[in-house]
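Undergrad: Below you'll find the structure I mean.
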Amino acid sequence: MTTIHEPVLPKETIQYLVTKSDGIYLDATLGTGGHFKELSAHLSQNAFLIGIDADPTAVQYCTHHLDIPQKHLFINSNFAQLKKICFRNGNLKVDGILMDLGLSSYGLDDPERGFSYACDGPLDMRFSPTLKQTAADIINRAELSELTRIFQEYGEERHAKAIARLIVKEREKSAIQTTRQLAALVKQKAAPQFANKTLSRIFQALRIAVNQELGALEQALKDARDVMNPGGRLVVIAYHSLEDRIVKQLFKTESTDCICPKEFPVCRCHHRAAFKILTPKPILPTKEEISNNPRARSAKLRVAERLD
């Protein structure tokens, strides 16, 4: 890692996130610190910033390369632990939380991480080396039905069963250990004109399964309400439909007082809205931003404000 990747929707993120120039802000997906540095530039020196990332190399990079004038803290942890992190640091209540759910470019660019089909490397795909299961473990050990489910649910891949069946057949001959091996098998079941899209979906599905990304996202979103000050903003940038669906649904649920079934004549859930949605429709990048920063292409930004 040598450079900070360009943050996605930086202007819009700061516009919605910052409500107090001297507040406490938490970047739950630190990466190489692009948003973190942008946020710092729009805060007074009395602000306090926290950066979290599941990848220890990201935390190490930011520790050595980011020059931040405010008091700040970098923590190597999955954002599913943000409630515990705030509790362990003086039971902090924050004024803003940012979650950029995109995969950092340095992770994609490192063949040894195994995230990309564009270069050959070990089938790893773990955000953190503390995770026991790699993508190779799933590919070589999962039952046909489980592989099919992963490709269908996490990749929304129409040829999931055919690809899974071929993988099971080939691994009986020898273990599938590299991204190149896997990509070659996937291409056999993909239409040539759609090969890259199919590969993207299969690799995305494996990455989500290895890191249990959707479960972690649900936990982080649920816990955000408990660590935010009234008026604080939760800003989430999603890049694919699975993530965005979770964010959209949680925002809807947490901005509604009663979530009982419609047929109930009287509320029994006693649920009360914790957030107000500030973006009825997601904010999208401009054509100019996409041209300058292609990784912004599929980004959708949603914002909710913590109620009293």
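Chain labels A, B, ... are given in the sequence in which chains occur in the structure tokens; within each chain residues are numbered consecutively from 1, and ligands are likewise numbered from 1 in the order shown.
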Do you know which residues are at most 12 Å from Pro10 of chain A counting only C-alpha atoms, after dropping those on the same chain fewer than 3 positions away, and could you put them as an NGL selection string?
TA: :A and (5-7 or 13-18 or 33-39 or 41-42 or 98 or 100 or 235 or 237 or 283-286 or 289 or 293 or 296 or 299 or 301)
Undergrad: Produce a file of the selected residues containing C-alpha atoms, as a CSV table (one decimal), in the first residue's frame.
TA:
chain,number,residue,atom,x,y,z
A,5,HIS,CA,-7.5,5.6,-2.6
A,6,GLU,CA,-9.8,8.4,-3.6
A,7,PRO,CA,-12.9,8.4,-1.4
A,13,THR,CA,-20.5,12.3,2.8
A,14,ILE,CA,-19.1,15.3,4.7
A,15,GLN,CA,-22.2,17.4,4.0
A,16,TYR,CA,-24.4,14.9,5.7
A,17,LEU,CA,-22.0,13.5,8.3
A,18,VAL,CA,-20.7,16.6,10.0
A,33,GLY,CA,-8.1,6.6,5.3
A,34,GLY,CA,-9.5,8.5,2.3
A,35,HIS,CA,-12.8,9.5,4.0
A,36,PHE,CA,-11.0,9.8,7.4
A,37,LYS,CA,-8.6,12.4,6.1
A,38,GLU,CA,-11.5,14.3,4.3
A,39,LEU,CA,-13.5,14.3,7.5
A,41,ALA,CA,-10.2,18.5,7.1
A,42,HIS,CA,-13.7,19.7,8.0
A,98,LEU,CA,-19.6,6.4,8.4
A,100,ASP,CA,-18.2,2.8,3.2
A,235,VAL,CA,-24.0,7.6,6.6
A,237,ILE,CA,-22.3,3.8,1.1
A,283,ILE,CA,-27.6,9.8,-3.5
A,284,LEU,CA,-25.7,8.6,-6.5
A,285,PRO,CA,-22.3,9.8,-7.9
A,286,THR,CA,-22.2,12.2,-10.8
A,289,GLU,CA,-17.1,11.5,-10.4
A,293,ASN,CA,-13.1,7.5,-9.9
A,296,ALA,CA,-17.8,5.0,-7.5
A,299,ALA,CA,-22.2,3.6,-5.1
A,301,LEU,CA,-25.3,6.8,-0.2
Undergrad: Applying 8 Å and only C-alpha atoms, which residues near Ile75 of chain A remain after dropping the ones on its own chain fewer than 6 positions away? List them as a count of residues only.
TA: 5
Undergrad: Suppose you want the space between atom CA of Phe203 of chain A and atom CA of Gly155 of chain A; what is it in Å?
TA: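 Going from atom CA of Phe203 of chain A over to atom CA of Gly155 of chain A, I get 7.9 Å.
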Undergrad: Determine which residues of segment 10-90 of chain A DSSP labels as alpha helix (DSSP H) from the backbone of this structure, then write them out as number ranges by chain.
TA: A: 10-17, 34-41, 56-65, 82-88
Undergrad: Write the residues of the selection above to a file with N, CA and C atoms, as a short mmCIF file (atom, residue, chain, number, x, y, z; two decimals), in the first residue's frame.
TA:
data_model
loop_
_atom_site.label_atom_id
_atom_site.label_comp_id
_atom_site.auth_asym_id
_atom_site.auth_seq_id
_atom_site.Cartn_x
_atom_site.Cartn_y
_atom_site.Cartn_z
N PRO A 10 -17.18 12.07 -1.62
CA PRO A 10 -16.60 12.76 -0.46
C PRO A 10 -17.37 14.00 -0.03
N LYS A 11 -17.78 14.83 -1.00
CA LYS A 11 -18.50 16.07 -0.69
C LYS A 11 -19.83 15.77 -0.01
N GLU A 12 -20.57 14.83 -0.59
CA GLU A 12 -21.88 14.47 -0.06
C GLU A 12 -21.76 13.81 1.31
N THR A 13 -20.73 12.98 1.48
CA THR A 13 -20.51 12.32 2.76
C THR A 13 -20.30 13.33 3.88
N ILE A 14 -19.41 14.27 3.66
CA ILE A 14 -19.11 15.28 4.68
C ILE A 14 -20.31 16.19 4.92
N GLN A 15 -21.00 16.54 3.86
CA GLN A 15 -22.18 17.42 3.97
C GLN A 15 -23.22 16.84 4.93
N TYR A 16 -23.43 15.54 4.83
CA TYR A 16 -24.42 14.90 5.69
C TYR A 16 -23.86 14.48 7.04
N LEU A 17 -22.62 14.07 7.08
CA LEU A 17 -22.05 13.48 8.29
C LEU A 17 -21.77 14.50 9.39
N GLY A 34 -9.05 7.49 3.23
CA GLY A 34 -9.49 8.55 2.34
C GLY A 34 -10.60 9.40 2.93
N HIS A 35 -11.66 8.76 3.40
CA HIS A 35 -12.75 9.50 4.03
C HIS A 35 -12.33 10.09 5.37
N PHE A 36 -11.49 9.34 6.09
CA PHE A 36 -11.03 9.79 7.41
C PHE A 36 -10.28 11.12 7.30
N LYS A 37 -9.40 11.20 6.32
CA LYS A 37 -8.64 12.43 6.11
C LYS A 37 -9.53 13.56 5.65
N GLU A 38 -10.50 13.26 4.79
CA GLU A 38 -11.46 14.26 4.33
C GLU A 38 -12.29 14.78 5.50
N LEU A 39 -12.70 13.88 6.36
CA LEU A 39 -13.48 14.27 7.54
C LEU A 39 -12.66 15.16 8.46
N SER A 40 -11.42 14.79 8.69
CA SER A 40 -10.54 15.58 9.54
C SER A 40 -10.41 17.02 9.05
N ALA A 41 -10.35 17.20 7.74
CA ALA A 41 -10.17 18.53 7.15
C ALA A 41 -11.37 19.44 7.38
N PRO A 56 -5.76 -5.59 9.62
CA PRO A 56 -4.67 -4.98 10.39
C PRO A 56 -3.70 -4.16 9.54
N THR A 57 -3.56 -4.52 8.24
CA THR A 57 -2.64 -3.76 7.40
C THR A 57 -3.19 -2.36 7.11
N ALA A 58 -4.51 -2.23 7.08
CA ALA A 58 -5.11 -0.91 6.89
C ALA A 58 -4.86 -0.02 8.10
N VAL A 59 -5.03 -0.57 9.27
CA VAL A 59 -4.78 0.18 10.50
C VAL A 59 -3.31 0.57 10.60
N GLN A 60 -2.44 -0.36 10.25
CA GLN A 60 -1.00 -0.08 10.28
C GLN A 60 -0.64 1.03 9.30
N TYR A 61 -1.23 0.97 8.11
CA TYR A 61 -0.96 2.00 7.11
C TYR A 61 -1.38 3.37 7.61
N CYS A 62 -2.60 3.48 8.11
CA CYS A 62 -3.11 4.78 8.57
C CYS A 62 -2.32 5.30 9.76
N THR A 63 -1.90 4.40 10.63
CA THR A 63 -1.11 4.80 11.79
C THR A 63 0.19 5.48 11.36
N HIS A 64 0.80 4.98 10.30
CA HIS A 64 2.11 5.49 9.87
C HIS A 64 2.03 6.58 8.80
N HIS A 65 0.90 6.72 8.12
CA HIS A 65 0.86 7.63 6.98
C HIS A 65 -0.12 8.79 7.09
N LEU A 82 -18.59 -2.39 16.97
CA LEU A 82 -18.52 -0.96 17.27
C LEU A 82 -19.14 -0.61 18.62
N LYS A 83 -20.18 -1.33 19.03
CA LYS A 83 -20.80 -1.07 20.33
C LYS A 83 -19.82 -1.37 21.47
N LYS A 84 -19.13 -2.50 21.35
CA LYS A 84 -18.12 -2.86 22.36
C LYS A 84 -16.97 -1.87 22.35
N ILE A 85 -16.58 -1.42 21.15
CA ILE A 85 -15.48 -0.47 21.04
C ILE A 85 -15.81 0.83 21.74
N CYS A 86 -17.01 1.34 21.53
CA CYS A 86 -17.43 2.58 22.18
C CYS A 86 -17.50 2.40 23.69
N PHE A 87 -17.99 1.25 24.13
CA PHE A 87 -18.09 0.98 25.57
C PHE A 87 -16.71 0.93 26.21
N ARG A 88 -15.76 0.28 25.54
CA ARG A 88 -14.42 0.12 26.10
C ARG A 88 -13.62 1.42 26.09
#
Undergrad: To one decimal in Å, tell me the separation between atom CA of Lys287 of chain A and atom CA of Asn196 of chain A.
TA: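 Distance reported for this atom pair: 22.7 Å.
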Undergrad: When you draw a straight line from atom CA of Lys281 of chain A to atom CA of Ile259 of chain A, how long is it in Å?
TA: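 Calculated distance between atom CA of Lys281 of chain A and atom CA of Ile259 of chain A is 21.4 Å.
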Undergrad: Measuring atom to atom with only C-alpha atoms, identify which of A:Leu242, A:Leu73, A:Ile24, A:Ala216 is nearest to Glu153 of chain A.
TA: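 Among A:Leu242, A:Leu73, A:Ile24, A:Ala216, it is A:Leu242 that comes nearest to Glu153 of chain A.
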Undergrad: If you run DSSP on the backbone, which residues of segment 69-140 of chain A are strand (DSSP E), as a ChimeraX atom specification?
TA: /A:71-76,94-100
Undergrad: Go ahead and dump the residues you just picked, N, CA and C atoms, as a PDB file, in the first residue's frame.
TA:
ATOM      1  N   LYS A  71      -7.322  14.739  17.966  1.00  0.00           N
ATOM      2  CA  LYS A  71      -7.142  13.529  18.746  1.00  0.00           C
ATOM      3  C   LYS A  71      -7.858  12.406  18.013  1.00  0.00           C
ATOM      4  N   HIS A  72      -7.190  11.266  17.847  1.00  0.00           N
ATOM      5  CA  HIS A  72      -7.798  10.193  17.078  1.00  0.00           C
ATOM      6  C   HIS A  72      -7.307   8.831  17.564  1.00  0.00           C
ATOM      7  N   LEU A  73      -8.022   7.822  17.114  1.00  0.00           N
ATOM      8  CA  LEU A  73      -7.740   6.462  17.547  1.00  0.00           C
ATOM      9  C   LEU A  73      -7.999   5.518  16.391  1.00  0.00           C
ATOM     10  N   PHE A  74      -7.038   4.648  16.083  1.00  0.00           N
ATOM     11  CA  PHE A  74      -7.207   3.622  15.059  1.00  0.00           C
ATOM     12  C   PHE A  74      -7.320   2.266  15.744  1.00  0.00           C
ATOM     13  N   ILE A  75      -8.337   1.487  15.354  1.00  0.00           N
ATOM     14  CA  ILE A  75      -8.607   0.212  16.018  1.00  0.00           C
ATOM     15  C   ILE A  75      -8.781  -0.893  14.989  1.00  0.00           C
ATOM     16  N   ASN A  76      -8.063  -1.992  15.186  1.00  0.00           N
ATOM     17  CA  ASN A  76      -8.193  -3.159  14.321  1.00  0.00           C
ATOM     18  C   ASN A  76      -9.332  -4.036  14.839  1.00  0.00           C
ATOM     19  N   VAL A  94     -21.294   9.005  19.919  1.00  0.00           N
ATOM     20  CA  VAL A  94     -20.702   9.695  18.783  1.00  0.00           C
ATOM     21  C   VAL A  94     -21.735  10.553  18.059  1.00  0.00           C
ATOM     22  N   ASP A  95     -21.232  11.523  17.300  1.00  0.00           N
ATOM     23  CA  ASP A  95     -22.088  12.447  16.558  1.00  0.00           C
ATOM     24  C   ASP A  95     -22.240  12.063  15.096  1.00  0.00           C
ATOM     25  N   GLY A  96     -21.507  11.041  14.681  1.00  0.00           N
ATOM     26  CA  GLY A  96     -21.621  10.591  13.298  1.00  0.00           C
ATOM     27  C   GLY A  96     -20.879   9.290  13.088  1.00  0.00           C
ATOM     28  N   ILE A  97     -21.465   8.427  12.257  1.00  0.00           N
ATOM     29  CA  ILE A  97     -20.836   7.157  11.897  1.00  0.00           C
ATOM     30  C   ILE A  97     -20.861   7.021  10.375  1.00  0.00           C
ATOM     31  N   LEU A  98     -19.721   6.678   9.812  1.00  0.00           N
ATOM     32  CA  LEU A  98     -19.605   6.441   8.373  1.00  0.00           C
ATOM     33  C   LEU A  98     -19.287   4.977   8.126  1.00  0.00           C
ATOM     34  N   MET A  99     -20.025   4.370   7.195  1.00  0.00           N
ATOM     35  CA  MET A  99     -19.734   3.013   6.739  1.00  0.00           C
ATOM     36  C   MET A  99     -19.644   3.029   5.219  1.00  0.00           C
ATOM     37  N   ASP A 100     -18.448   2.897   4.690  1.00  0.00           N
ATOM     38  CA  ASP A 100     -18.230   2.768   3.249  1.00  0.00           C
ATOM     39  C   ASP A 100     -17.975   1.291   2.987  1.00  0.00           C
TER      40      ASP A 100
END
Undergrad: Applying 10 Å and only C-alpha atoms, which residues near Arg171 of chain A remain after dropping the ones on its own chain fewer than 5 positions away? List them as a VMD selection string.
TA: chain A and resid 139 to 141 166 176 to 177
Undergrad: How would the residues just picked look written out with C-alpha atoms as a CSV table (one decimal), in the first residue's frame?
TA:
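And here's selection-v8.csv as it stands now:
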chain,number,residue,atom,x,y,z
A,139,ILE,CA,-14.4,-24.2,-2.4
A,140,ASN,CA,-12.8,-27.5,-1.4
A,141,ARG,CA,-15.0,-28.6,1.5
A,166,LEU,CA,-18.2,-28.3,-11.9
A,176,ILE,CA,-8.6,-25.8,-6.1
A,177,GLN,CA,-6.1,-23.4,-4.4
Undergrad: Pick out the residues sitting within 12 Å of Gln181 of chain A, and hand them over as a ChimeraX atom specification; count only C-alpha atoms, and ignore anything fewer than 4 positions along from it in its own chain.
TA: /A:114,117-123,136,139,167,170-171,174-177,185-188
Undergrad: Give me, as a PDB file with C-alpha atoms, in the first residue's frame, all polymer residues having an atom no more than 9 Å from Ser128 of chain A, counting only C-alpha atoms and skipping those fewer than 6 positions away in the same chain.
TA:
ATOM      1  CA  ALA A  54     -10.986  -5.472  10.215  1.00  0.00           C
ATOM      2  CA  ASP A  55      -7.756  -5.510   8.190  1.00  0.00           C
ATOM      3  CA  PRO A  56      -4.672  -4.975  10.390  1.00  0.00           C
ATOM      4  CA  THR A  57      -2.635  -3.757   7.397  1.00  0.00           C
ATOM      5  CA  SER A  77     -11.654  -4.683  14.616  1.00  0.00           C
ATOM      6  CA  ASN A  78     -14.696  -5.632  12.578  1.00  0.00           C
ATOM      7  CA  ASN A 211     -16.036 -12.683   6.026  1.00  0.00           C
TER       8      ASN A 211
END
Undergrad: Would you mind listing what lies within 7 Å of segment 204-206 of chain A as a ChimeraX atom specification, with only C-alpha atoms counted and same-chain residues fewer than 6 positions away left out?
TA: /A:135,150-151,154-155
